[in-house]
Every structure is written in C-alpha cells, then in structure tokens.
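Shown next: run.txt, given as compact mmCIF, C-alpha atoms.
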# COMPACT_ATOMS: atom_id res chain seq x y z
CA MET A 358 19.29 25.70 7.38
CA SER A 359 16.78 28.44 6.74
CA ARG A 360 17.37 32.01 7.69
CA GLY A 361 14.73 31.61 10.36
CA PHE A 362 16.39 28.65 12.10
CA LEU A 363 17.90 29.69 15.42
CA THR A 364 20.56 28.15 17.61
CA ILE A 365 20.14 29.45 21.14
CA ALA A 366 22.87 29.11 23.78
CA LEU A 367 21.64 28.90 27.38
CA PRO A 368 23.74 28.79 30.56
CA LYS A 369 24.05 25.79 32.81
CA GLY A 370 23.21 26.36 36.44
CA LYS A 371 20.93 28.78 38.22
CA LEU A 372 20.05 30.91 35.17
CA LEU A 373 18.76 27.98 33.11
CA THR A 374 15.32 27.69 34.73
CA ASP A 375 14.50 31.38 34.24
CA SER A 376 15.88 31.27 30.69
CA LEU A 377 13.64 28.35 29.75
CA GLU A 378 10.65 30.01 31.39
CA VAL A 379 10.88 33.22 29.35
CA LEU A 380 11.55 31.33 26.12
CA THR A 381 8.47 29.18 26.72
CA LYS A 382 6.39 32.31 27.32
CA ALA A 383 7.75 33.67 24.04
CA GLY A 384 6.35 30.64 22.20
CA ILE A 385 9.41 28.37 22.02
CA GLU A 386 8.53 24.98 23.45
CA CYS A 387 11.39 23.94 25.75
CA GLY A 388 9.76 21.08 27.62
CA GLU A 389 12.39 18.54 26.59
CA VAL A 390 15.31 20.68 27.73
CA SER A 391 16.72 19.65 31.08
CA GLU A 392 20.06 20.11 32.79
CA GLU A 393 19.55 16.66 34.29
CA SER A 394 19.90 15.15 30.83
CA ARG A 395 23.33 14.24 29.50
CA LYS A 396 22.39 15.93 26.24
CA LEU A 397 23.88 19.32 25.51
CA LEU A 398 22.01 19.99 22.26
CA PHE A 399 18.22 19.87 21.99
CA SER A 400 16.26 20.17 18.74
CA LEU A 401 12.91 21.82 19.40
CA LYS A 402 10.00 20.39 17.48
CA GLY A 403 7.92 22.78 15.44
CA SER A 404 9.91 25.91 16.23
CA GLU A 405 12.87 25.86 13.81
CA ALA A 406 15.18 26.23 16.78
CA GLN A 407 17.69 24.29 18.79
CA ILE A 408 19.14 24.92 22.23
CA ILE A 409 22.68 24.25 23.33
CA ILE A 410 23.58 24.18 27.03
CA CYS A 411 26.97 25.74 27.84
CA ARG A 412 29.06 26.90 30.73
CA PRO A 413 28.00 30.52 31.34
CA THR A 414 31.51 31.83 30.69
CA ASP A 415 31.60 30.11 27.28
CA ILE A 416 28.38 31.57 25.90
CA PRO A 417 29.90 34.83 24.55
CA THR A 418 32.49 32.74 22.69
CA TYR A 419 29.88 30.44 21.14
CA VAL A 420 27.87 33.47 20.03
CA GLU A 421 30.82 35.54 18.79
CA HIS A 422 32.04 32.70 16.55
CA GLY A 423 28.58 31.82 15.23
CA ALA A 424 28.18 28.42 16.89
CA ALA A 425 25.07 29.98 18.41
CA ASP A 426 22.97 32.75 16.86
CA ILE A 427 21.81 34.15 20.17
CA GLY A 428 22.50 33.48 23.82
CA PHE A 429 21.47 34.32 27.37
CA VAL A 430 24.38 35.46 29.51
CA GLY A 431 24.99 37.44 32.68
CA LYS A 432 26.22 41.00 32.23
CA ASP A 433 29.09 40.10 34.56
CA THR A 434 30.31 37.43 32.13
CA LEU A 435 29.69 39.71 29.14
CA LEU A 436 31.90 42.43 30.60
CA GLU A 437 34.67 40.09 31.64
CA GLU A 438 34.82 38.09 28.40
CA ASN A 439 34.62 41.26 26.26
CA LYS A 440 33.57 39.43 23.08
CA ASP A 441 32.34 41.07 19.87
CA VAL A 442 28.62 40.38 20.15
CA ALA A 443 25.45 42.49 19.94
CA GLU A 444 23.69 43.06 23.25
CA LEU A 445 19.97 43.17 22.48
CA LEU A 446 18.00 43.14 25.70
CA ASP A 447 18.17 43.19 29.50
CA LEU A 448 16.17 40.13 30.55
CA LYS A 449 15.85 41.41 34.14
CA PHE A 450 16.60 38.15 35.96
CA GLY A 451 19.74 36.72 37.57
CA TYR A 452 20.40 39.95 39.47
CA CYS A 453 23.75 40.30 41.21
CA ARG A 454 26.24 43.03 42.11
CA PHE A 455 29.98 43.42 41.66
CA VAL A 456 31.59 44.63 44.89
CA VAL A 457 34.98 45.21 46.45
CA ALA A 458 35.18 43.49 49.85
CA MET A 459 37.81 43.21 52.59
CA PRO A 460 38.25 41.57 55.99
CA GLU A 461 36.26 43.55 58.55
CA GLU A 462 39.36 44.23 60.64
CA SER A 463 41.28 45.90 57.79
CA VAL A 464 38.74 48.12 56.01
CA PRO A 465 40.00 51.55 54.86
CA PRO A 466 39.15 54.75 56.76
CA ARG A 467 35.94 56.51 55.81
CA LEU A 468 35.74 59.80 53.96
CA PRO A 469 33.51 62.68 55.15
CA ASP A 470 30.73 61.44 52.84
CA GLY A 471 30.74 58.06 54.58
CA MET A 472 32.34 56.15 51.71
CA PHE A 473 35.51 54.15 52.28
CA ASP A 474 38.75 55.78 51.11
CA LEU A 475 39.89 53.37 48.39
CA ASN A 476 43.06 55.33 47.67
CA VAL A 477 44.86 53.49 50.46
CA LEU A 478 44.36 50.31 48.42
CA ASN A 479 46.49 51.49 45.50
CA HIS A 480 48.88 48.78 44.24
CA GLN A 481 47.29 46.18 46.53
CA ARG A 482 46.40 42.62 45.53
CA VAL A 483 42.84 41.69 44.53
CA ALA A 484 41.59 38.10 44.32
CA THR A 485 38.83 37.79 41.71
CA LYS A 486 37.23 35.78 38.95
CA PHE A 487 36.92 39.05 37.03
CA PRO A 488 40.37 40.63 36.46
CA ARG A 489 39.19 42.74 33.49
CA VAL A 490 36.28 44.27 35.41
CA THR A 491 38.52 44.77 38.45
CA GLU A 492 41.30 46.56 36.62
CA GLU A 493 38.85 48.79 34.77
CA PHE A 494 37.07 49.83 37.98
CA PHE A 495 40.29 50.85 39.70
CA ARG A 496 41.73 52.40 36.53
CA GLN A 497 38.75 54.76 36.36
CA LYS A 498 39.65 55.85 39.89
CA GLY A 499 43.24 56.53 38.85
CA MET A 500 44.51 53.48 40.70
CA GLN A 501 46.44 50.34 39.88
CA VAL A 502 45.92 46.99 41.56
CA VAL A 503 47.38 43.52 41.17
CA PRO A 504 44.58 41.11 40.14
CA ILE A 505 45.01 37.48 41.15
CA LYS A 506 42.61 35.33 39.14
CA LEU A 507 40.90 32.51 40.99
CA HIS A 508 38.11 30.18 39.88
CA GLY A 509 36.53 29.62 43.27
CA ASN A 510 36.80 30.24 47.03
CA ILE A 511 37.47 33.93 46.45
CA GLU A 512 36.53 34.73 50.06
CA LEU A 513 39.42 32.62 51.36
CA ALA A 514 42.13 34.72 49.71
CA PRO A 515 42.36 37.56 52.28
CA ARG A 516 42.29 35.05 55.14
CA VAL A 517 45.43 33.26 53.92
CA ASN A 518 47.23 36.46 52.85
CA LEU A 519 46.89 35.77 49.13
CA ALA A 520 45.29 39.19 48.61
CA GLU A 521 44.27 42.24 50.60
CA MET A 522 40.78 42.37 49.07
CA ILE A 523 38.43 40.62 46.68
CA VAL A 524 36.18 41.63 43.82
CA ASP A 525 33.25 39.27 43.42
CA ILE A 526 29.58 39.13 42.56
CA VAL A 527 27.05 38.95 45.38
CA SER A 528 23.29 38.65 45.52
CA THR A 529 22.40 38.79 49.23
CA GLY A 530 25.82 39.33 50.82
CA THR A 531 25.41 36.29 53.09
CA THR A 532 28.64 34.65 51.95
CA LEU A 533 30.60 37.83 52.66
CA ARG A 534 29.20 38.05 56.18
CA GLN A 535 29.87 34.38 56.88
CA ASN A 536 33.51 34.96 55.96
CA HIS A 537 33.80 38.20 57.97
CA LEU A 538 34.19 40.33 54.86
CA VAL A 539 32.80 43.84 54.47
CA GLU A 540 31.73 45.49 51.23
CA VAL A 541 33.86 48.60 50.83
CA ALA A 542 32.74 49.72 47.36
CA PRO A 543 30.00 48.86 44.86
CA ILE A 544 31.18 48.43 41.27
CA LEU A 545 28.08 47.73 39.17
CA GLU A 546 24.85 45.77 39.00
CA ALA A 547 24.39 42.87 36.59
CA THR A 548 21.44 40.94 35.16
CA THR A 549 21.02 38.41 32.35
CA ARG A 550 21.26 39.78 28.80
CA LEU A 551 20.16 38.55 25.38
CA ILE A 552 23.09 38.67 22.97
CA ALA A 553 23.41 37.88 19.26
CA ASN A 554 26.09 37.01 16.75
CA ARG A 555 26.51 40.13 14.60
CA VAL A 556 26.31 38.27 11.26
CA ALA A 557 23.34 36.17 12.38
CA TYR A 558 21.57 39.32 13.52
CA ARG A 559 21.72 40.66 9.97
CA MET A 560 21.01 37.37 8.19
CA LYS A 561 18.22 36.27 10.54
CA TYR A 562 17.05 39.70 11.55
CA GLN A 563 13.32 39.06 11.33
CA ARG A 564 13.39 35.93 13.47
CA ILE A 565 15.77 37.37 16.07
CA ASN A 566 13.97 40.71 16.23
CA ASP A 567 10.56 39.04 16.59
CA LEU A 568 11.84 36.94 19.48
CA THR A 569 13.54 39.96 21.07
CA GLU A 570 10.32 41.96 20.98
CA LYS A 571 8.33 39.09 22.52
CA LEU A 572 10.92 38.79 25.29
CA ARG A 573 10.85 42.56 25.80
CA GLU A 574 7.09 42.42 26.41
CA ILE A 575 7.48 39.48 28.81
CA VAL A 576 10.18 41.03 30.97
CA ALA A 577 8.35 44.36 31.03
CA VAL A 578 5.57 42.81 33.12
CA LYS A 579 7.70 40.63 35.40
For the file at hand, write its structure as structure tokens.
Amino acid sequence: MSRGFLTIALPKGKLLTDSLEVLTKAGIECGEVSEESRKLLFSLKGSEAQIIICRPTDIPTYVEHGAADIGFVGKDTLLEENKDVAELLDLKFGYCRFVVAMPEESVPPRLPDGMFDLNVLNHQRVATKFPRVTEEFFRQKGMQVVPIKLHGNIELAPRVNLAEMIVDIVSTGTTLRQNHLVEVAPILEATTRLIANRVAYRMKYQRINDLTEKLREIVAVK
C-alpha cells in the first residue's frame, strides 16, 4: 500500500449520507457506497482509497488502532469513547446537543438567574448512553452522580423509577416533550468531526492534509 492510500471509516445511519456528500465534493468518488448493500468495505476506483462502514461508536477504535487512517465521527462519540486519535476538523453537520432532562413534575427549583438548581441532584441516578460525559459534567460542578448505562429507551428510565434524570443527545427536543421530560441543563453541543490515526497522520500527511483542507473549504461555505 502506498503512503497515499487511505482507509476511511464512515458511520452507519443518519450521518452516512452527509459524509458521502462532502467526500464526493472533495473529489473522492463514492457512488458505489451504499448502506443498503451488504458490503462493509468498498474499494474506490481511481482514488487510492477505500471506505469501511462501521457502527458510529466503533469508529474511534478502528482509527486509534490503525484499521482506518481517518474517520468521520460525532463529537459526542469522540468524547465518550476517549480514544487516542487526532481531531482534525469540525465538519459542521450532524448537529446535536447533550442535555440533562427530568420529568416535568420533578424539576429542581430555579435560581435567581433563571437556571435550575442542579445541586439538589447530587448523588442522584442518571440514565445515559454517555456515562463518561455525564460524570465529567457533574464533576466540574463539584457533584457526584450515579450513572446507569443504557443502550436505548433512555427516556423511559425516570418513568419506571430507574433513574431520577437522564443525560442524552437531542436535536429538536421533540422526543423529550413526547415523554414529558424537561431540559434542566445544557451540557455541550456536538457535530461530526474528522479524526485521524496518529501514525497514519505522520506517514500519510500529504494525502490526509490535502483532503482535510478540501473538506475545510467545503464546510466553510455550507
């Protein structure tokens, strides 16, 4: 394999379409890549590149261990997985927010500035897919919580007394409202990021940097 050959990890699901769109605009022909296909590895003709399709949560692992040179991954996943990769670029799509939410009938009292008083939630249980992000958020506030990791149906947890609150990612907030949950604190905003294996970034610097700069120009005008 030449130093210019790239293996690119892309996420299954809702981020795939936008990922393929920006790569195509950057000159990498991705027409054969489809989530509908049973294939998970696609060799791209004429571009010295191949694409692998992964679960979003696995992409930092593939990149950290060199199975992929670069990858597209949500900042939410990047923070939670905490892998040793180089973050190169904010790709500006896949926007979502981390929030703390609770049943509307049990929200904390408000402070004079209008924010909810989170201190009353110290040592409470939090249902989440993101225990690392959750613990760090509350730690920075001088608080401890008990994360309960779930893989789905986070909104159900307070309703069945599994947890007093949830930490989850939202885009419009519709799901929270449908489940009678209220956002009581923002944590951070997240978008899709371009990441690279640290060794590959040195060994294939020219190719990766050229692609990064093309992507930077594309997302700057979106």
Counting only C-alpha atoms, closest pick from A:Pro465, A:Gly428, A:Pro488, A:Pro543 relative to Leu380 (chain A) is A:Gly428
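Closest approach to Asn566 (chain A) among A:Val502, A:Ala553, A:Val490, A:Met459: A:Ala553, based on all atoms listed in the file.
Every protein, DNA or RNA residue with an atom at most 8 Å from Lys432 (chain A), where all atoms listed in the file count and chain neighbours fewer than 6 positions away do not, is listed here: A:Ala547, A:Thr548, A:Thr549, A:Arg550.
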Those residues with C-alpha atoms, as a PDB file, in the frame of the given file please?
ATOM      1  CA  ALA A 547      24.390  42.870  36.590  1.00  0.00           C
ATOM      2  CA  THR A 548      21.440  40.940  35.160  1.00  0.00           C
ATOM      3  CA  THR A 549      21.020  38.410  32.350  1.00  0.00           C
ATOM      4  CA  ARG A 550      21.260  39.780  28.800  1.00  0.00           C
TER       5      ARG A 550
END
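The smallest atom-to-atom distance between Gly384 (chain A) and any of A:Ala425, A:Leu568, A:Val420, A:Ala577, using all atoms listed in the file, is found for A:Leu568.
Closest approach to Arg482 (chain A) among A:Leu538, A:Met522, A:Cys453, A:Ile544: A:Met522, based on all atoms listed in the file.
In this comparison, which uses only C-alpha atoms, the residue of A:Lys571, A:Lys486, A:His508, A:Arg559 approaching Thr434 (chain A) most closely is A:Lys486.
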Counting only C-alpha atoms, which residues come within 12 Å of (31.2, 32.6, 14.0), with the point read in the file's coordinates, and could you list them as a PyMOL selection string? chain A and resi 417-427+440-442+553-558
